[in-house]
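Asker: Sharing my_file_27.csv, CSV, N, CA and C atoms:
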chain,number,residue,atom,x,y,z
A,1,MET,N,0.8,-1.2,0.0
A,1,MET,CA,0.0,0.0,0.0
A,1,MET,C,0.9,1.3,0.0
A,2,LYS,N,1.9,1.3,0.8
A,2,LYS,CA,2.8,2.4,0.9
A,2,LYS,C,3.5,2.7,-0.5
A,3,LYS,N,3.9,1.6,-1.1
A,3,LYS,CA,4.5,1.7,-2.4
A,3,LYS,C,3.5,2.3,-3.4
A,4,LEU,N,2.3,1.8,-3.4
A,4,LEU,CA,1.3,2.3,-4.3
A,4,LEU,C,1.0,3.8,-4.1
A,5,LEU,N,0.9,4.2,-2.8
A,5,LEU,CA,0.7,5.6,-2.5
A,5,LEU,C,1.9,6.5,-3.0
A,6,PHE,N,3.1,6.0,-2.8
A,6,PHE,CA,4.3,6.7,-3.3
A,6,PHE,C,4.3,6.8,-4.8
A,7,LEU,N,4.0,5.8,-5.5
A,7,LEU,CA,3.9,5.8,-7.0
A,7,LEU,C,2.8,6.8,-7.4
A,8,LEU,N,1.7,6.8,-6.7
A,8,LEU,CA,0.6,7.8,-7.1
A,8,LEU,C,1.1,9.2,-6.9
A,9,CYS,N,1.8,9.5,-5.8
A,9,CYS,CA,2.3,10.8,-5.5
A,9,CYS,C,3.3,11.2,-6.5
A,10,LEU,N,4.2,10.3,-6.9
A,10,LEU,CA,5.2,10.6,-7.9
A,10,LEU,C,4.6,10.9,-9.2
A,11,SER,N,3.6,10.1,-9.6
A,11,SER,CA,2.9,10.3,-10.9
A,11,SER,C,2.2,11.6,-10.9
A,12,ALA,N,1.6,12.0,-9.8
A,12,ALA,CA,0.9,13.3,-9.8
A,12,ALA,C,1.8,14.4,-9.9
A,13,SER,N,3.0,14.3,-9.2
A,13,SER,CA,3.9,15.4,-9.3
A,13,SER,C,4.5,15.6,-10.7
A,14,THR,N,4.7,14.5,-11.4
A,14,THR,CA,5.2,14.5,-12.7
A,14,THR,C,4.1,15.1,-13.7
A,15,LEU,N,2.9,14.6,-13.4
A,15,LEU,CA,1.8,15.1,-14.3
A,15,LEU,C,1.6,16.6,-14.2
A,16,PHE,N,1.7,17.1,-13.0
A,16,PHE,CA,1.4,18.6,-12.8
A,16,PHE,C,2.7,19.4,-12.9
A,17,ALA,N,3.9,18.8,-13.1
A,17,ALA,CA,5.1,19.6,-13.2
A,17,ALA,C,5.0,20.6,-14.4
A,18,GLN,N,5.4,21.8,-14.2
A,18,GLN,CA,5.3,22.8,-15.2
A,18,GLN,C,6.7,23.0,-15.9
A,19,GLU,N,6.7,23.3,-17.1
A,19,GLU,CA,7.9,23.6,-17.8
A,19,GLU,C,8.4,25.0,-17.3
A,20,PRO,N,9.7,25.2,-17.3
A,20,PRO,CA,10.3,26.5,-16.8
A,20,PRO,C,9.6,27.7,-17.4
A,21,VAL,N,9.3,27.7,-18.7
A,21,VAL,CA,8.7,28.8,-19.4
A,21,VAL,C,7.3,29.1,-18.9
A,22,GLU,N,6.6,28.0,-18.5
A,22,GLU,CA,5.2,28.2,-18.0
A,22,GLU,C,5.3,28.8,-16.6
A,23,VAL,N,6.3,28.5,-15.8
A,23,VAL,CA,6.4,29.1,-14.5
A,23,VAL,C,6.8,30.5,-14.6
A,24,VAL,N,7.7,30.9,-15.5
A,24,VAL,CA,8.1,32.3,-15.7
A,24,VAL,C,6.9,33.1,-16.2
A,25,GLN,N,6.1,32.5,-17.1
A,25,GLN,CA,5.0,33.2,-17.7
A,25,GLN,C,4.0,33.5,-16.6
A,26,ALA,N,3.8,32.5,-15.7
A,26,ALA,CA,2.8,32.7,-14.6
A,26,ALA,C,3.3,33.8,-13.7
A,27,GLN,N,4.6,33.9,-13.5
A,27,GLN,CA,5.2,35.0,-12.7
A,27,GLN,C,5.0,36.3,-13.4
A,28,LEU,N,5.2,36.4,-14.7
A,28,LEU,CA,5.0,37.7,-15.4
A,28,LEU,C,3.5,38.1,-15.4
A,29,ASP,N,2.6,37.1,-15.6
A,29,ASP,CA,1.2,37.4,-15.5
A,29,ASP,C,0.8,38.0,-14.1
A,30,ALA,N,1.2,37.3,-13.1
A,30,ALA,CA,0.9,37.8,-11.7
A,30,ALA,C,1.5,39.2,-11.5
A,31,TYR,N,2.7,39.4,-12.0
A,31,TYR,CA,3.4,40.7,-11.9
A,31,TYR,C,2.5,41.8,-12.5
A,32,ASN,N,2.0,41.5,-13.7
A,32,ASN,CA,1.2,42.5,-14.5
A,32,ASN,C,-0.2,42.7,-13.9
A,33,ASN,N,-0.7,41.7,-13.2
A,33,ASN,CA,-1.9,41.8,-12.5
A,33,ASN,C,-1.7,42.4,-11.0
A,34,GLN,N,-0.5,42.6,-10.7
A,34,GLN,CA,-0.1,43.0,-9.3
A,34,GLN,C,-0.7,42.2,-8.3
A,35,ASP,N,-0.7,40.9,-8.5
A,35,ASP,CA,-1.2,39.9,-7.6
A,35,ASP,C,0.0,39.3,-6.8
A,36,VAL,N,0.3,39.9,-5.7
A,36,VAL,CA,1.5,39.6,-5.0
A,36,VAL,C,1.5,38.2,-4.5
A,37,ASN,N,0.3,37.6,-4.1
A,37,ASN,CA,0.3,36.2,-3.6
A,37,ASN,C,0.6,35.3,-4.8
A,38,ALA,N,0.0,35.4,-5.9
A,38,ALA,CA,0.3,34.6,-7.1
A,38,ALA,C,1.8,34.8,-7.5
A,39,PHE,N,2.2,36.0,-7.5
A,39,PHE,CA,3.6,36.3,-7.9
A,39,PHE,C,4.6,35.5,-7.0
A,40,ALA,N,4.4,35.7,-5.6
A,40,ALA,CA,5.3,35.0,-4.7
A,40,ALA,C,5.2,33.5,-4.8
A,41,ALA,N,4.1,33.0,-5.1
A,41,ALA,CA,3.9,31.5,-5.1
A,41,ALA,C,4.7,30.8,-6.1
A,42,VAL,N,5.2,31.4,-7.2
A,42,VAL,CA,6.0,30.7,-8.2
A,42,VAL,C,7.5,30.7,-7.7
A,43,PHE,N,7.8,31.3,-6.6
A,43,PHE,CA,9.2,31.3,-6.2
A,43,PHE,C,9.3,30.2,-5.1
A,44,ALA,N,10.5,29.5,-5.1
A,44,ALA,CA,10.8,28.6,-4.1
A,44,ALA,C,10.9,29.3,-2.7
A,45,GLU,N,10.6,28.5,-1.7
A,45,GLU,CA,10.6,29.1,-0.3
A,45,GLU,C,11.9,29.8,0.0
A,46,ASP,N,13.1,29.3,-0.5
A,46,ASP,CA,14.4,29.8,-0.3
A,46,ASP,C,15.0,30.5,-1.5
A,47,ALA,N,14.1,31.0,-2.4
A,47,ALA,CA,14.6,31.6,-3.6
A,47,ALA,C,15.5,32.8,-3.4
A,48,LYS,N,16.4,33.0,-4.3
A,48,LYS,CA,17.4,34.1,-4.2
A,48,LYS,C,17.3,35.0,-5.5
A,49,LEU,N,17.2,36.3,-5.3
A,49,LEU,CA,17.2,37.3,-6.4
A,49,LEU,C,18.5,38.1,-6.3
A,50,TYR,N,19.1,38.2,-7.5
A,50,TYR,CA,20.4,39.0,-7.6
A,50,TYR,C,20.2,40.1,-8.6
A,51,MET,N,20.9,41.2,-8.4
A,51,MET,CA,20.8,42.3,-9.3
A,51,MET,C,21.7,42.2,-10.5
A,52,ASN,N,22.8,41.5,-10.3
A,52,ASN,CA,23.8,41.4,-11.4
A,52,ASN,C,24.3,40.0,-11.5
A,53,LEU,N,24.6,39.5,-12.7
A,53,LEU,CA,25.3,38.3,-12.9
A,53,LEU,C,26.7,38.4,-12.1
A,54,GLY,N,27.0,37.3,-11.4
A,54,GLY,CA,28.3,37.4,-10.7
A,54,GLY,C,28.2,37.8,-9.3
A,55,ASP,N,27.0,38.4,-8.9
A,55,ASP,CA,26.8,38.8,-7.5
A,55,ASP,C,26.9,37.6,-6.6
A,56,THR,N,27.6,37.7,-5.5
A,56,THR,CA,27.7,36.6,-4.6
A,56,THR,C,26.6,36.7,-3.4
A,57,GLU,N,26.1,37.9,-3.2
A,57,GLU,CA,25.1,38.1,-2.2
A,57,GLU,C,23.8,38.5,-2.8
A,58,PRO,N,22.7,37.8,-2.5
A,58,PRO,CA,21.4,38.1,-3.1
A,58,PRO,C,20.9,39.4,-2.6
A,59,THR,N,20.1,40.1,-3.4
A,59,THR,CA,19.4,41.3,-3.0
A,59,THR,C,18.2,40.9,-2.2
A,60,MET,N,17.5,39.8,-2.5
A,60,MET,CA,16.4,39.3,-1.7
A,60,MET,C,16.6,37.8,-1.6
A,61,THR,N,16.2,37.3,-0.4
A,61,THR,CA,16.2,35.9,-0.1
A,61,THR,C,14.9,35.4,0.5
A,62,GLY,N,14.3,34.4,-0.1
A,62,GLY,CA,13.1,33.8,0.5
A,62,GLY,C,11.8,34.4,-0.1
A,63,ARG,N,10.9,33.5,-0.2
A,63,ARG,CA,9.6,33.9,-0.7
A,63,ARG,C,8.9,35.0,0.1
A,64,GLU,N,9.0,35.0,1.4
A,64,GLU,CA,8.4,36.0,2.2
A,64,GLU,C,9.0,37.4,1.9
A,65,GLU,N,10.3,37.5,1.8
A,65,GLU,CA,10.9,38.8,1.5
A,65,GLU,C,10.5,39.3,0.1
A,66,ILE,N,10.5,38.4,-0.8
A,66,ILE,CA,10.1,38.7,-2.2
A,66,ILE,C,8.7,39.2,-2.2
A,67,LYS,N,7.8,38.6,-1.4
A,67,LYS,CA,6.4,39.0,-1.3
A,67,LYS,C,6.3,40.4,-0.7
A,68,ARG,N,7.0,40.6,0.4
A,68,ARG,CA,7.0,41.9,1.1
A,68,ARG,C,7.5,43.0,0.2
A,69,ARG,N,8.6,42.8,-0.5
A,69,ARG,CA,9.2,43.9,-1.2
A,69,ARG,C,8.5,44.2,-2.5
A,70,TYR,N,8.0,43.1,-3.2
A,70,TYR,CA,7.2,43.4,-4.4
A,70,TYR,C,5.8,43.9,-4.1
A,71,GLY,N,5.3,43.5,-3.0
A,71,GLY,CA,4.0,44.0,-2.5
A,71,GLY,C,4.1,45.5,-2.3
A,72,ALA,N,5.2,46.0,-1.7
A,72,ALA,CA,5.4,47.4,-1.5
A,72,ALA,C,5.6,48.1,-2.8
A,73,MET,N,6.3,47.5,-3.7
A,73,MET,CA,6.5,48.1,-5.0
A,73,MET,C,5.2,48.2,-5.8
A,74,PHE,N,4.4,47.2,-5.8
A,74,PHE,CA,3.1,47.2,-6.4
A,74,PHE,C,2.2,48.3,-5.9
A,75,ALA,N,2.2,48.5,-4.5
A,75,ALA,CA,1.4,49.5,-3.9
A,75,ALA,C,1.8,50.9,-4.3
A,76,ALA,N,3.1,51.1,-4.4
A,76,ALA,CA,3.7,52.4,-4.7
A,76,ALA,C,3.6,52.7,-6.2
A,77,ASN,N,3.4,51.7,-7.1
A,77,ASN,CA,3.3,51.9,-8.5
A,77,ASN,C,2.1,51.1,-9.1
A,78,PRO,N,0.9,51.6,-8.9
A,78,PRO,CA,-0.3,50.8,-9.3
A,78,PRO,C,-0.4,50.6,-10.8
A,79,GLU,N,0.3,51.4,-11.6
A,79,GLU,CA,0.2,51.3,-13.1
A,79,GLU,C,1.4,50.5,-13.6
A,80,ASN,N,2.2,49.9,-12.7
A,80,ASN,CA,3.4,49.1,-13.1
A,80,ASN,C,3.0,48.0,-14.0
A,81,LYS,N,3.7,47.8,-15.1
A,81,LYS,CA,3.5,46.7,-16.1
A,81,LYS,C,4.8,46.3,-16.7
A,82,SER,N,4.9,45.1,-17.1
A,82,SER,CA,6.1,44.6,-17.8
A,82,SER,C,5.6,44.0,-19.2
A,83,THR,N,6.2,44.5,-20.2
A,83,THR,CA,5.9,44.0,-21.6
A,83,THR,C,7.1,43.2,-22.0
A,84,LEU,N,6.8,41.9,-22.4
A,84,LEU,CA,7.8,41.0,-22.9
A,84,LEU,C,8.3,41.4,-24.3
A,85,ILE,N,9.6,41.7,-24.4
A,85,ILE,CA,10.2,42.1,-25.7
A,85,ILE,C,10.6,40.8,-26.4
A,86,GLY,N,11.2,39.9,-25.6
A,86,GLY,CA,11.7,38.7,-26.2
A,86,GLY,C,12.0,37.7,-25.1
A,87,ARG,N,12.0,36.4,-25.5
A,87,ARG,CA,12.2,35.3,-24.5
A,87,ARG,C,13.0,34.2,-25.1
A,88,MET,N,14.0,33.6,-24.4
A,88,MET,CA,14.7,32.5,-24.8
A,88,MET,C,14.8,31.5,-23.6
A,89,THR,N,14.9,30.2,-23.9
A,89,THR,CA,15.0,29.2,-22.9
A,89,THR,C,16.2,28.3,-23.2
A,90,GLN,N,16.8,27.8,-22.2
A,90,GLN,CA,17.9,26.9,-22.3
A,90,GLN,C,17.8,26.0,-21.1
A,91,GLY,N,17.4,24.7,-21.3
A,91,GLY,CA,17.2,23.8,-20.1
A,91,GLY,C,16.2,24.4,-19.1
A,92,ASN,N,16.7,24.5,-17.9
A,92,ASN,CA,15.8,25.1,-16.9
A,92,ASN,C,16.0,26.6,-16.6
A,93,PHE,N,16.6,27.2,-17.6
A,93,PHE,CA,16.8,28.7,-17.5
A,93,PHE,C,15.9,29.4,-18.5
A,94,VAL,N,15.3,30.5,-18.1
A,94,VAL,CA,14.5,31.3,-19.0
A,94,VAL,C,15.1,32.7,-19.0
A,95,PHE,N,15.3,33.3,-20.2
A,95,PHE,CA,15.9,34.6,-20.3
A,95,PHE,C,14.8,35.5,-20.9
A,96,ASP,N,14.4,36.6,-20.1
A,96,ASP,CA,13.4,37.5,-20.6
A,96,ASP,C,14.0,38.9,-20.8
A,97,HIS,N,13.6,39.5,-21.9
A,97,HIS,CA,13.9,40.9,-22.2
A,97,HIS,C,12.6,41.6,-22.0
A,98,GLU,N,12.5,42.6,-21.1
A,98,GLU,CA,11.3,43.2,-20.7
A,98,GLU,C,11.4,44.7,-20.7
A,99,ARG,N,10.3,45.4,-20.9
A,99,ARG,CA,10.1,46.8,-20.8
A,99,ARG,C,9.1,47.1,-19.7
A,100,ILE,N,9.6,47.8,-18.6
A,100,ILE,CA,8.8,48.1,-17.5
A,100,ILE,C,8.3,49.5,-17.6
A,101,THR,N,7.0,49.7,-17.5
A,101,THR,CA,6.4,51.0,-17.5
A,101,THR,C,5.5,51.2,-16.2
A,102,GLY,N,5.0,52.4,-16.0
A,102,GLY,CA,4.2,52.7,-14.9
A,102,GLY,C,4.9,53.1,-13.6
A,103,ARG,N,6.2,53.4,-13.8
A,103,ARG,CA,7.0,53.9,-12.7
A,103,ARG,C,7.4,55.4,-13.1
A,104,ASP,N,8.4,55.9,-12.4
A,104,ASP,CA,8.8,57.3,-12.7
A,104,ASP,C,9.2,57.4,-14.2
A,105,LYS,N,9.9,56.4,-14.7
A,105,LYS,CA,10.3,56.4,-16.1
A,105,LYS,C,10.4,55.0,-16.6
A,106,PRO,N,10.1,54.7,-17.9
A,106,PRO,CA,10.2,53.4,-18.4
A,106,PRO,C,11.6,52.9,-18.4
A,107,ILE,N,11.8,51.6,-18.1
A,107,ILE,CA,13.1,51.0,-18.1
A,107,ILE,C,13.1,49.7,-18.9
A,108,THR,N,14.2,49.3,-19.5
A,108,THR,CA,14.3,48.0,-20.2
A,108,THR,C,15.3,47.2,-19.4
A,109,ILE,N,14.9,45.9,-19.1
A,109,ILE,CA,15.7,45.0,-18.3
A,109,ILE,C,15.8,43.7,-18.9
A,110,MET,N,16.8,42.9,-18.5
A,110,MET,CA,17.0,41.5,-18.8
A,110,MET,C,16.8,40.8,-17.5
A,111,ALA,N,16.0,39.7,-17.5
A,111,ALA,CA,15.8,38.9,-16.3
A,111,ALA,C,16.2,37.4,-16.7
A,112,VAL,N,16.9,36.8,-15.8
A,112,VAL,CA,17.3,35.4,-16.0
A,112,VAL,C,16.7,34.6,-14.8
A,113,TYR,N,15.9,33.6,-15.2
A,113,TYR,CA,15.2,32.8,-14.1
A,113,TYR,C,15.7,31.4,-14.2
A,114,GLU,N,16.1,30.8,-13.0
A,114,GLU,CA,16.4,29.4,-12.9
A,114,GLU,C,15.2,28.7,-12.3
A,115,VAL,N,14.6,27.7,-12.9
A,115,VAL,CA,13.5,27.0,-12.4
A,115,VAL,C,13.8,25.6,-12.1
A,116,VAL,N,13.4,25.1,-10.9
A,116,VAL,CA,13.6,23.7,-10.5
A,116,VAL,C,12.3,23.3,-9.8
A,117,ASP,N,11.8,22.1,-10.2
A,117,ASP,CA,10.6,21.5,-9.6
A,117,ASP,C,9.4,22.5,-9.6
A,118,GLY,N,9.3,23.2,-10.7
A,118,GLY,CA,8.1,24.1,-10.9
A,118,GLY,C,8.2,25.4,-10.1
A,119,ARG,N,9.3,25.8,-9.6
A,119,ARG,CA,9.5,27.0,-8.8
A,119,ARG,C,10.8,27.7,-9.3
A,120,ILE,N,10.7,29.1,-9.2
A,120,ILE,CA,11.9,29.9,-9.5
A,120,ILE,C,12.8,29.8,-8.3
A,121,ILE,N,14.0,29.3,-8.5
A,121,ILE,CA,14.9,29.2,-7.3
A,121,ILE,C,15.9,30.3,-7.3
A,122,ARG,N,16.3,30.8,-8.5
A,122,ARG,CA,17.2,32.0,-8.5
A,122,ARG,C,16.8,32.9,-9.7
A,123,CYS,N,17.1,34.2,-9.5
A,123,CYS,CA,16.8,35.1,-10.6
A,123,CYS,C,17.8,36.2,-10.6
A,124,TRP,N,18.2,36.7,-11.8
A,124,TRP,CA,19.2,37.7,-11.9
A,124,TRP,C,18.6,38.8,-12.8
A,125,PHE,N,19.0,40.1,-12.5
A,125,PHE,CA,18.6,41.2,-13.4
A,125,PHE,C,19.9,41.9,-13.8
A,126,PRO,N,20.6,41.3,-14.8
A,126,PRO,CA,21.9,41.9,-15.2
A,126,PRO,C,21.6,43.3,-15.8
A,127,ARG,N,22.5,44.2,-15.5
A,127,ARG,CA,22.4,45.6,-16.0
A,127,ARG,C,23.7,45.9,-16.8
Is it possible to express this structure as C-alpha cells?
Answerer:
Amino acid sequence: MKKLLFLLCLSASTLFAQEPVEVVQAQLDAYNNQDVNAFAAVFAEDAKLYMNLGDTEPTMTGREEIKRRYGAMFAANPENKSTLIGRMTQGNFVFDHERITGRDKPITIMAVYEVVDGRIIRCWFPR
C-alpha cells in the first residue's frame, strides 16, 4: 500500500510539473496583475534574487521577503506593467527581455530565471 501511495504521488507530481517557461509566464502574468500572492507563489521558499550576474550576495532571499518587497512596489506603482520584448530558454533557464512602465520612467531590463521543480529558485537582473 505504501509503495502504491508513493507511486501515485510521484505520478501526480510529474503530471502537474510545469515547464520552466510556464512558471516564468505565470510569474509575469501575476506581476502584471499586481497579484503579490500569485507572484510570490512561483518562487521557491528559499529563492534568491540577484541584481547582477556574478553577484555573490542576493538582493532578496526567500519567498516572504520577495512577497513583502514586491507588494510594497506594487502598492507604490499601481500602473506598473512589464511588456515582454523577447524570451529564450535553455534547459531550466528562462531569459526575458522586458520593458517596465508605470513607474517614474520606463526601463528596459533583462531577467534570467532558474526554475527547478516548478518554482523559481534563482533570478538575476543583469544591467
Asker: So which one's closest to Asn32 in chain A, A:Asp117, A:Asp104, A:Asp96, A:Glu79? Using only N, CA and C atoms, please.
Answerer: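 Closest to Asn32 in chain A of all the choices is A:Glu79.
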Asker: Identify the residues within 10 Å of coordinate (8.5, 36.3, -15.5) (same frame as the file), considering only C-alpha atoms, and give the answer as number ranges by chain.
Answerer: A: 21-32, 39, 42, 82, 84, 87, 94-98, 111-113, 120, 123
Asker: Using only N, CA and C atoms, which residue out of A:Gln90, A:Gln18, A:Asn33, A:Thr61 lies closest to Leu49 in chain A?
Answerer: A:Thr61
Asker: For a cut-off of 12 Å around (13.5, 21.9, -8.6), file coordinates, pick out all residues using only C-alpha atoms and list them as a PyMOL selection string.
Answerer: chain A and resi 13-14+17-20+23+42-47+92-93+114-122
Asker: What does the file look like for those residues with N, CA and C atoms, as an mmCIF file, in the frame of the given file?
Answerer:
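Writing done, so here's selection.cif:
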data_model
loop_
_atom_site.group_PDB
_atom_site.id
_atom_site.type_symbol
_atom_site.label_atom_id
_atom_site.label_comp_id
_atom_site.auth_asym_id
_atom_site.auth_seq_id
_atom_site.Cartn_x
_atom_site.Cartn_y
_atom_site.Cartn_z
ATOM 1 N N SER A 13 3.000 14.300 -9.200
ATOM 2 C CA SER A 13 3.900 15.400 -9.300
ATOM 3 C C SER A 13 4.500 15.600 -10.700
ATOM 4 N N THR A 14 4.700 14.500 -11.400
ATOM 5 C CA THR A 14 5.200 14.500 -12.700
ATOM 6 C C THR A 14 4.100 15.100 -13.700
ATOM 7 N N ALA A 17 3.900 18.800 -13.100
ATOM 8 C CA ALA A 17 5.100 19.600 -13.200
ATOM 9 C C ALA A 17 5.000 20.600 -14.400
ATOM 10 N N GLN A 18 5.400 21.800 -14.200
ATOM 11 C CA GLN A 18 5.300 22.800 -15.200
ATOM 12 C C GLN A 18 6.700 23.000 -15.900
ATOM 13 N N GLU A 19 6.700 23.300 -17.100
ATOM 14 C CA GLU A 19 7.900 23.600 -17.800
ATOM 15 C C GLU A 19 8.400 25.000 -17.300
ATOM 16 N N PRO A 20 9.700 25.200 -17.300
ATOM 17 C CA PRO A 20 10.300 26.500 -16.800
ATOM 18 C C PRO A 20 9.600 27.700 -17.400
ATOM 19 N N VAL A 23 6.300 28.500 -15.800
ATOM 20 C CA VAL A 23 6.400 29.100 -14.500
ATOM 21 C C VAL A 23 6.800 30.500 -14.600
ATOM 22 N N VAL A 42 5.200 31.400 -7.200
ATOM 23 C CA VAL A 42 6.000 30.700 -8.200
ATOM 24 C C VAL A 42 7.500 30.700 -7.700
ATOM 25 N N PHE A 43 7.800 31.300 -6.600
ATOM 26 C CA PHE A 43 9.200 31.300 -6.200
ATOM 27 C C PHE A 43 9.300 30.200 -5.100
ATOM 28 N N ALA A 44 10.500 29.500 -5.100
ATOM 29 C CA ALA A 44 10.800 28.600 -4.100
ATOM 30 C C ALA A 44 10.900 29.300 -2.700
ATOM 31 N N GLU A 45 10.600 28.500 -1.700
ATOM 32 C CA GLU A 45 10.600 29.100 -0.300
ATOM 33 C C GLU A 45 11.900 29.800 0.000
ATOM 34 N N ASP A 46 13.100 29.300 -0.500
ATOM 35 C CA ASP A 46 14.400 29.800 -0.300
ATOM 36 C C ASP A 46 15.000 30.500 -1.500
ATOM 37 N N ALA A 47 14.100 31.000 -2.400
ATOM 38 C CA ALA A 47 14.600 31.600 -3.600
ATOM 39 C C ALA A 47 15.500 32.800 -3.400
ATOM 40 N N ASN A 92 16.700 24.500 -17.900
ATOM 41 C CA ASN A 92 15.800 25.100 -16.900
ATOM 42 C C ASN A 92 16.000 26.600 -16.600
ATOM 43 N N PHE A 93 16.600 27.200 -17.600
ATOM 44 C CA PHE A 93 16.800 28.700 -17.500
ATOM 45 C C PHE A 93 15.900 29.400 -18.500
ATOM 46 N N GLU A 114 16.100 30.800 -13.000
ATOM 47 C CA GLU A 114 16.400 29.400 -12.900
ATOM 48 C C GLU A 114 15.200 28.700 -12.300
ATOM 49 N N VAL A 115 14.600 27.700 -12.900
ATOM 50 C CA VAL A 115 13.500 27.000 -12.400
ATOM 51 C C VAL A 115 13.800 25.600 -12.100
ATOM 52 N N VAL A 116 13.400 25.100 -10.900
ATOM 53 C CA VAL A 116 13.600 23.700 -10.500
ATOM 54 C C VAL A 116 12.300 23.300 -9.800
ATOM 55 N N ASP A 117 11.800 22.100 -10.200
ATOM 56 C CA ASP A 117 10.600 21.500 -9.600
ATOM 57 C C ASP A 117 9.400 22.500 -9.600
ATOM 58 N N GLY A 118 9.300 23.200 -10.700
ATOM 59 C CA GLY A 118 8.100 24.100 -10.900
ATOM 60 C C GLY A 118 8.200 25.400 -10.100
ATOM 61 N N ARG A 119 9.300 25.800 -9.600
ATOM 62 C CA ARG A 119 9.500 27.000 -8.800
ATOM 63 C C ARG A 119 10.800 27.700 -9.300
ATOM 64 N N ILE A 120 10.700 29.100 -9.200
ATOM 65 C CA ILE A 120 11.900 29.900 -9.500
ATOM 66 C C ILE A 120 12.800 29.800 -8.300
ATOM 67 N N ILE A 121 14.000 29.300 -8.500
ATOM 68 C CA ILE A 121 14.900 29.200 -7.300
ATOM 69 C C ILE A 121 15.900 30.300 -7.300
ATOM 70 N N ARG A 122 16.300 30.800 -8.500
ATOM 71 C CA ARG A 122 17.200 32.000 -8.500
ATOM 72 C C ARG A 122 16.800 32.900 -9.700
#
Asker: Which value, in Å to one decimal, gives the distance between atom N of Lys105 in chain A and atom C of Ala75 in chain A?
Answerer: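 Answer for the atom N of Lys105 in chain A to atom C of Ala75 in chain A separation: 14.3 Å.
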Asker: Counting only C-alpha atoms, which residue out of A:Ile107, A:Ile85, A:Val36, A:Leu53 sits closest to Arg68 in chain A?
Answerer: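 With only C-alpha atoms as the atom set, the closest residue is A:Val36.
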Asker: According to DSSP computed on the backbone, where in chain A is there helix (DSSP H, G or I)? Give the residues as a PyMOL selection string.
Answerer: chain A and resi 2-16+20-32+36-41+63-76
Asker: Please compute the atom C of Met51 in chain A-atom C of Arg99 in chain A distance, one decimal, in Å.
Answerer: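 Going from atom C of Met51 in chain A over to atom C of Arg99 in chain A, I get 16.4 Å.
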Asker: From a DSSP calculation on the backbone, collect every residue of range 13-100 of chain A in strand (DSSP E or B) and output the set as an MDAnalysis selection string.
Answerer: chainID A and resid 43:50 60:61 81:90 93:100
Asker: As an exercise, work out the distance from atom C of Ala38 in chain A to atom C of Thr83 in chain A in Å and give it to one decimal place.
Answerer: 17.6 Å
Asker: Between A:Trp124, A:Gly102, A:Ile109, A:Tyr50, which has the minimum distance to Met73 in chain A (counting only C-alpha atoms)?
Answerer: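 Ranked by minimum distance to Met73 in chain A, first place goes to A:Gly102.
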Asker: Rank A:Thr101, A:Glu64, A:Asp35, A:Arg69 by their smallest atom-to-atom distance to Lys81 in chain A, using only N, CA and C atoms, and report the top residue only.
Answerer: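 Checking each candidate against Lys81 in chain A, we get A:Thr101 as the closest.
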Asker: Between A:Gly71, A:Pro78, A:Gly86, A:Gly62, which one has atoms that come closest to Thr108 in chain A, using only C-alpha atoms?
Answerer: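 Closest candidate: A:Gly86.
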